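Shown here: my_file.txt, compact mmCIF, C-alpha atoms.
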# COMPACT_ATOMS: atom_id res chain seq x y z
CA MET A 70 -13.33 30.66 37.67
CA SER A 71 -12.64 26.95 38.17
CA ASP A 72 -16.25 26.14 37.20
CA ASN A 73 -15.61 27.82 33.85
CA LYS A 74 -12.40 25.78 33.42
CA SER A 75 -14.26 22.52 34.11
CA LYS A 76 -16.90 23.46 31.53
CA LEU A 77 -14.17 24.21 29.00
CA ASN A 78 -12.43 20.90 29.83
CA PHE A 79 -15.73 19.08 29.30
CA ALA A 80 -16.32 20.92 26.00
CA PHE A 81 -12.78 20.08 24.86
CA THR A 82 -13.32 16.41 25.71
CA LEU A 83 -16.55 16.40 23.71
CA SER A 84 -14.78 18.01 20.75
CA LEU A 85 -12.10 15.30 20.82
CA ILE A 86 -14.74 12.56 20.98
CA THR A 87 -16.47 14.18 18.00
CA ILE A 88 -13.23 14.36 16.02
CA PHE A 89 -12.23 10.74 16.61
CA TYR A 90 -15.76 9.37 16.16
CA ASN A 91 -16.22 11.19 12.84
CA LEU A 92 -12.77 10.09 11.69
CA ALA A 93 -13.67 6.44 12.30
CA GLU A 94 -17.15 6.90 10.81
CA GLY A 95 -15.66 8.56 7.73
CA LEU A 96 -13.07 5.85 7.14
CA ILE A 97 -15.63 3.05 7.50
CA SER A 98 -18.27 4.80 5.37
CA VAL A 99 -15.85 5.71 2.59
CA TYR A 100 -14.43 2.17 2.55
CA PHE A 101 -17.85 0.51 2.24
CA GLY A 102 -19.19 3.25 -0.03
CA ALA A 103 -16.29 2.82 -2.45
CA SER A 104 -16.26 -0.98 -2.33
CA ASP A 105 -20.03 -1.23 -2.88
CA GLU A 106 -20.13 1.78 -5.24
CA THR A 107 -22.76 3.45 -3.07
CA LEU A 108 -22.84 7.19 -3.63
CA ALA A 109 -24.94 7.91 -0.53
CA LEU A 110 -22.58 6.03 1.79
CA LEU A 111 -19.53 7.57 0.14
CA GLY A 112 -21.06 11.05 0.58
CA PHE A 113 -21.86 10.26 4.20
CA GLY A 114 -18.22 9.32 4.75
CA VAL A 115 -16.90 12.48 3.11
CA ASP A 116 -19.33 14.50 5.25
CA SER A 117 -17.77 12.89 8.32
CA PHE A 118 -14.36 14.25 7.29
CA VAL A 119 -15.87 17.72 6.96
CA GLU A 120 -17.15 17.31 10.51
CA VAL A 121 -13.60 16.42 11.59
CA ILE A 122 -12.33 19.72 10.14
CA SER A 123 -15.10 21.57 11.94
CA GLY A 124 -14.36 19.72 15.18
CA ILE A 125 -10.68 20.66 14.97
CA GLY A 126 -11.69 24.32 14.60
CA ILE A 127 -13.94 24.02 17.66
CA ALA A 128 -11.22 22.29 19.70
CA HIS A 129 -8.81 25.07 18.78
CA MET A 130 -11.33 27.71 19.85
CA ILE A 131 -11.94 25.96 23.18
CA LEU A 132 -8.20 25.79 23.87
CA ARG A 133 -7.88 29.51 23.15
CA MET A 134 -10.80 30.23 25.50
CA LYS A 135 -9.14 28.12 28.18
CA TYR A 136 -5.90 30.06 28.19
CA SER A 137 -6.88 33.60 27.25
CA LYS A 138 -9.83 35.92 26.85
CA VAL A 139 -11.20 35.51 23.33
CA GLN A 140 -12.60 38.63 21.67
CA THR A 141 -12.40 37.64 17.99
CA ARG A 142 -11.75 34.60 15.85
CA ASP A 143 -8.14 34.01 14.91
CA GLU A 144 -6.94 33.10 11.41
CA PHE A 145 -6.96 29.35 12.11
CA GLU A 146 -10.64 29.43 13.12
CA LYS A 147 -11.56 31.59 10.12
CA THR A 148 -9.74 29.21 7.80
CA ALA A 149 -11.39 26.16 9.40
CA LEU A 150 -14.82 27.76 8.94
CA ARG A 151 -14.06 28.66 5.31
CA VAL A 152 -12.78 25.17 4.54
CA THR A 153 -15.80 23.56 6.23
CA GLY A 154 -18.27 25.72 4.31
CA THR A 155 -16.49 25.28 0.98
CA VAL A 156 -16.25 21.50 1.34
CA PHE A 157 -19.95 21.26 2.25
CA TYR A 158 -20.79 23.10 -1.00
CA MET A 159 -18.44 20.83 -2.97
CA LEU A 160 -19.95 17.74 -1.33
CA THR A 161 -23.45 18.94 -2.20
CA ALA A 162 -22.48 19.58 -5.82
CA GLY A 163 -20.78 16.18 -6.07
CA LEU A 164 -23.80 14.35 -4.65
CA ILE A 165 -26.16 16.17 -7.02
CA ILE A 166 -23.96 15.40 -10.05
CA GLY A 167 -23.56 11.77 -8.95
CA SER A 168 -27.30 11.40 -8.39
CA VAL A 169 -28.11 12.86 -11.81
CA LEU A 170 -25.61 10.48 -13.43
CA ASN A 171 -27.16 7.55 -11.55
CA ILE A 172 -30.57 8.54 -12.90
CA ILE A 173 -29.27 9.00 -16.45
CA TYR A 174 -27.50 5.63 -16.45
CA ASN A 175 -30.31 3.92 -14.54
CA VAL A 176 -27.99 2.74 -11.74
CA LYS A 177 -29.77 0.81 -9.00
CA PRO A 178 -28.25 -0.48 -5.76
CA GLU A 179 -27.90 -4.24 -5.51
CA THR A 180 -27.99 -4.56 -1.72
CA THR A 181 -27.83 -2.50 1.44
CA ILE A 182 -25.82 -5.12 3.33
CA PRO A 183 -22.04 -4.61 3.12
CA GLU A 184 -20.03 -7.52 1.83
CA LEU A 185 -16.94 -8.34 3.88
Mind converting the file's structure to structure tokens?
Amino acid sequence: MSDNKSKLNFAFTLSLITIFYNLAEGLISVYFGASDETLALLGFGVDSFVEVISGIGIAHMILRMKYSKVQTRDEFEKTALRVTGTVFYMLTAGLIIGSVLNIIYNVKPETTIPEL
């Protein structure tokens, strides 16, 4: 039983690392994507926030597994999955629309090096 607890502790630690890493990655990517008007970098940053939502759902599930026997998903997990899926579809639609507009208006990136 304690081996299972240590695996769950390790999984929970990994989920927290994932959440905080993606939060930092998202903030940095959105900042540079917005300041340099780079759709790809902005989309990458928004995707990181979607990963944060997913990571929170996973952390919640791991905590439930740690303290009780889990037979089904609870409402929080179902909502986190729905939000994650919906936002991925919205992100995809936004990137497609933005890319089409960039093609129509002949927008070209000036540099790939961020300006500080």
Contacts of range 141-153 of chain A within 10 Å, all atoms listed in the file, excl. fewer than 3 positions in-chain, as a count of residues only:
20
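CA of Ser168 in chain A sits 7.8 Å away from CA of Leu108 in chain A.
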Show which residues sit within 10 Å of Met134 in chain A, as a VMD selection string. Count only C-alpha atoms, and ignore same-chain residues fewer than 6 positions away.
chain A and resid 73 to 74 77 128 140
Pick the closest to Gly112 in chain A from A:Thr161, A:Ser137, A:Asn91, A:Ser84: which is it, counting all atoms listed in the file?
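Ranking A:Thr161, A:Ser137, A:Asn91, A:Ser84 by distance to Gly112 in chain A, first place goes to A:Thr161.
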Please report the interatomic distance between CA of Ser75 in chain A and CA of Ile131 in chain A in Å with one decimal.
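Computed distance, CA of Ser75 in chain A to CA of Ile131 in chain A, equals 11.7 Å.
Among the candidate residues A:Ile173, A:Ile97, A:Leu92, A:Leu160, the one lying nearest to Ser117 in chain A is A:Leu92, with distances computed using all atoms listed in the file.
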Distance of CA of Val115 in chain A from CA of Tyr174 in chain A, expressed in Å to one decimal place:
23.3 Å
Find, counting all atoms listed in the file, the residue in A:Lys76, A:Val139, A:Ile172, A:Pro178 that gets nearest to Leu110 in chain A.
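With all atoms listed in the file as the atom set, the closest residue is A:Pro178.
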Which residues are close to Ser98 in chain A, i.e. within 6 Å by all atoms listed in the file, leaving aside same-chain residues fewer than 3 positions away? Reply as an MDAnalysis selection string.
chainID A and resid 94:95 101:102 110 114
Saved selection, atoms kept: C-alpha atoms, as a compact mmCIF listing (two decimals), in the frame of the given file:
# COMPACT_ATOMS: atom_id res chain seq x y z
CA GLU A 94 -17.15 6.90 10.81
CA GLY A 95 -15.66 8.56 7.73
CA PHE A 101 -17.85 0.51 2.24
CA GLY A 102 -19.19 3.25 -0.03
CA LEU A 110 -22.58 6.03 1.79
CA GLY A 114 -18.22 9.32 4.75
Place all heavy atoms on range 114-125 of chain A and deliver the coordinates as a PDB file, in the frame of the given file.
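Heads up, here's the output in selection12.pdb:
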ATOM      1  N   GLY A 114     -19.582   9.416   4.247  1.00  0.00           N
ATOM      2  CA  GLY A 114     -18.220   9.320   4.750  1.00  0.00           C
ATOM      3  C   GLY A 114     -17.444  10.613   4.553  1.00  0.00           C
ATOM      4  O   GLY A 114     -16.737  11.075   5.455  1.00  0.00           O
ATOM      5  N   VAL A 115     -17.586  11.222   3.376  1.00  0.00           N
ATOM      6  CA  VAL A 115     -16.900  12.480   3.110  1.00  0.00           C
ATOM      7  C   VAL A 115     -17.436  13.563   4.058  1.00  0.00           C
ATOM      8  O   VAL A 115     -16.671  14.376   4.579  1.00  0.00           O
ATOM      9  CB  VAL A 115     -17.067  12.896   1.628  1.00  0.00           C
ATOM     10  CG1 VAL A 115     -16.543  14.294   1.391  1.00  0.00           C
ATOM     11  CG2 VAL A 115     -16.352  11.896   0.726  1.00  0.00           C
ATOM     12  N   ASP A 116     -18.734  13.553   4.298  1.00  0.00           N
ATOM     13  CA  ASP A 116     -19.330  14.500   5.250  1.00  0.00           C
ATOM     14  C   ASP A 116     -18.717  14.343   6.634  1.00  0.00           C
ATOM     15  O   ASP A 116     -18.494  15.326   7.337  1.00  0.00           O
ATOM     16  CB  ASP A 116     -20.849  14.278   5.313  1.00  0.00           C
ATOM     17  CG  ASP A 116     -21.508  15.129   6.375  1.00  0.00           C
ATOM     18  OD1 ASP A 116     -21.439  16.379   6.258  1.00  0.00           O
ATOM     19  OD2 ASP A 116     -22.081  14.566   7.322  1.00  0.00           O
ATOM     20  N   SER A 117     -18.401  13.123   7.022  1.00  0.00           N
ATOM     21  CA  SER A 117     -17.770  12.890   8.320  1.00  0.00           C
ATOM     22  C   SER A 117     -16.409  13.569   8.402  1.00  0.00           C
ATOM     23  O   SER A 117     -16.035  14.103   9.447  1.00  0.00           O
ATOM     24  CB  SER A 117     -17.617  11.391   8.581  1.00  0.00           C
ATOM     25  OG  SER A 117     -18.882  10.784   8.662  1.00  0.00           O
ATOM     26  N   PHE A 118     -15.662  13.580   7.300  1.00  0.00           N
ATOM     27  CA  PHE A 118     -14.360  14.250   7.290  1.00  0.00           C
ATOM     28  C   PHE A 118     -14.517  15.764   7.397  1.00  0.00           C
ATOM     29  O   PHE A 118     -13.689  16.432   8.002  1.00  0.00           O
ATOM     30  CB  PHE A 118     -13.553  13.860   6.054  1.00  0.00           C
ATOM     31  CG  PHE A 118     -13.160  12.405   6.036  1.00  0.00           C
ATOM     32  CD1 PHE A 118     -13.446  11.612   4.955  1.00  0.00           C
ATOM     33  CD2 PHE A 118     -12.507  11.835   7.121  1.00  0.00           C
ATOM     34  CE1 PHE A 118     -13.099  10.271   4.944  1.00  0.00           C
ATOM     35  CE2 PHE A 118     -12.150  10.497   7.124  1.00  0.00           C
ATOM     36  CZ  PHE A 118     -12.448   9.707   6.026  1.00  0.00           C
ATOM     37  N   VAL A 119     -15.586  16.288   6.817  1.00  0.00           N
ATOM     38  CA  VAL A 119     -15.870  17.720   6.960  1.00  0.00           C
ATOM     39  C   VAL A 119     -16.151  18.027   8.423  1.00  0.00           C
ATOM     40  O   VAL A 119     -15.702  19.041   8.962  1.00  0.00           O
ATOM     41  CB  VAL A 119     -17.055  18.146   6.063  1.00  0.00           C
ATOM     42  CG1 VAL A 119     -17.416  19.601   6.284  1.00  0.00           C
ATOM     43  CG2 VAL A 119     -16.737  17.898   4.598  1.00  0.00           C
ATOM     44  N   GLU A 120     -16.868  17.134   9.082  1.00  0.00           N
ATOM     45  CA  GLU A 120     -17.150  17.310  10.510  1.00  0.00           C
ATOM     46  C   GLU A 120     -15.873  17.266  11.335  1.00  0.00           C
ATOM     47  O   GLU A 120     -15.764  17.943  12.353  1.00  0.00           O
ATOM     48  CB  GLU A 120     -18.119  16.219  10.987  1.00  0.00           C
ATOM     49  CG  GLU A 120     -19.403  16.147  10.208  1.00  0.00           C
ATOM     50  CD  GLU A 120     -20.530  16.901  10.850  1.00  0.00           C
ATOM     51  OE1 GLU A 120     -20.409  17.284  12.015  1.00  0.00           O
ATOM     52  OE2 GLU A 120     -21.539  17.096  10.161  1.00  0.00           O
ATOM     53  N   VAL A 121     -14.900  16.474  10.900  1.00  0.00           N
ATOM     54  CA  VAL A 121     -13.600  16.420  11.590  1.00  0.00           C
ATOM     55  C   VAL A 121     -12.926  17.790  11.505  1.00  0.00           C
ATOM     56  O   VAL A 121     -12.413  18.311  12.503  1.00  0.00           O
ATOM     57  CB  VAL A 121     -12.688  15.320  10.995  1.00  0.00           C
ATOM     58  CG1 VAL A 121     -11.263  15.459  11.503  1.00  0.00           C
ATOM     59  CG2 VAL A 121     -13.241  13.944  11.321  1.00  0.00           C
ATOM     60  N   ILE A 122     -12.936  18.391  10.314  1.00  0.00           N
ATOM     61  CA  ILE A 122     -12.330  19.720  10.140  1.00  0.00           C
ATOM     62  C   ILE A 122     -13.026  20.731  11.056  1.00  0.00           C
ATOM     63  O   ILE A 122     -12.372  21.528  11.733  1.00  0.00           O
ATOM     64  CB  ILE A 122     -12.410  20.176   8.668  1.00  0.00           C
ATOM     65  CG1 ILE A 122     -11.569  19.262   7.792  1.00  0.00           C
ATOM     66  CG2 ILE A 122     -11.962  21.628   8.522  1.00  0.00           C
ATOM     67  CD1 ILE A 122     -11.823  19.434   6.306  1.00  0.00           C
ATOM     68  N   SER A 123     -14.338  20.673  11.087  1.00  0.00           N
ATOM     69  CA  SER A 123     -15.100  21.570  11.940  1.00  0.00           C
ATOM     70  C   SER A 123     -14.781  21.327  13.417  1.00  0.00           C
ATOM     71  O   SER A 123     -14.608  22.263  14.194  1.00  0.00           O
ATOM     72  CB  SER A 123     -16.599  21.358  11.685  1.00  0.00           C
ATOM     73  OG  SER A 123     -17.376  22.161  12.521  1.00  0.00           O
ATOM     74  N   GLY A 124     -14.679  20.068  13.795  1.00  0.00           N
ATOM     75  CA  GLY A 124     -14.360  19.720  15.180  1.00  0.00           C
ATOM     76  C   GLY A 124     -12.982  20.205  15.595  1.00  0.00           C
ATOM     77  O   GLY A 124     -12.775  20.632  16.734  1.00  0.00           O
ATOM     78  N   ILE A 125     -12.022  20.165  14.674  1.00  0.00           N
ATOM     79  CA  ILE A 125     -10.680  20.660  14.970  1.00  0.00           C
ATOM     80  C   ILE A 125     -10.733  22.169  15.207  1.00  0.00           C
ATOM     81  O   ILE A 125     -10.098  22.694  16.128  1.00  0.00           O
ATOM     82  CB  ILE A 125      -9.692  20.307  13.843  1.00  0.00           C
ATOM     83  CG1 ILE A 125      -9.437  18.802  13.841  1.00  0.00           C
ATOM     84  CG2 ILE A 125      -8.381  21.073  13.990  1.00  0.00           C
ATOM     85  CD1 ILE A 125      -8.684  18.299  12.626  1.00  0.00           C
TER      86      ILE A 125
END
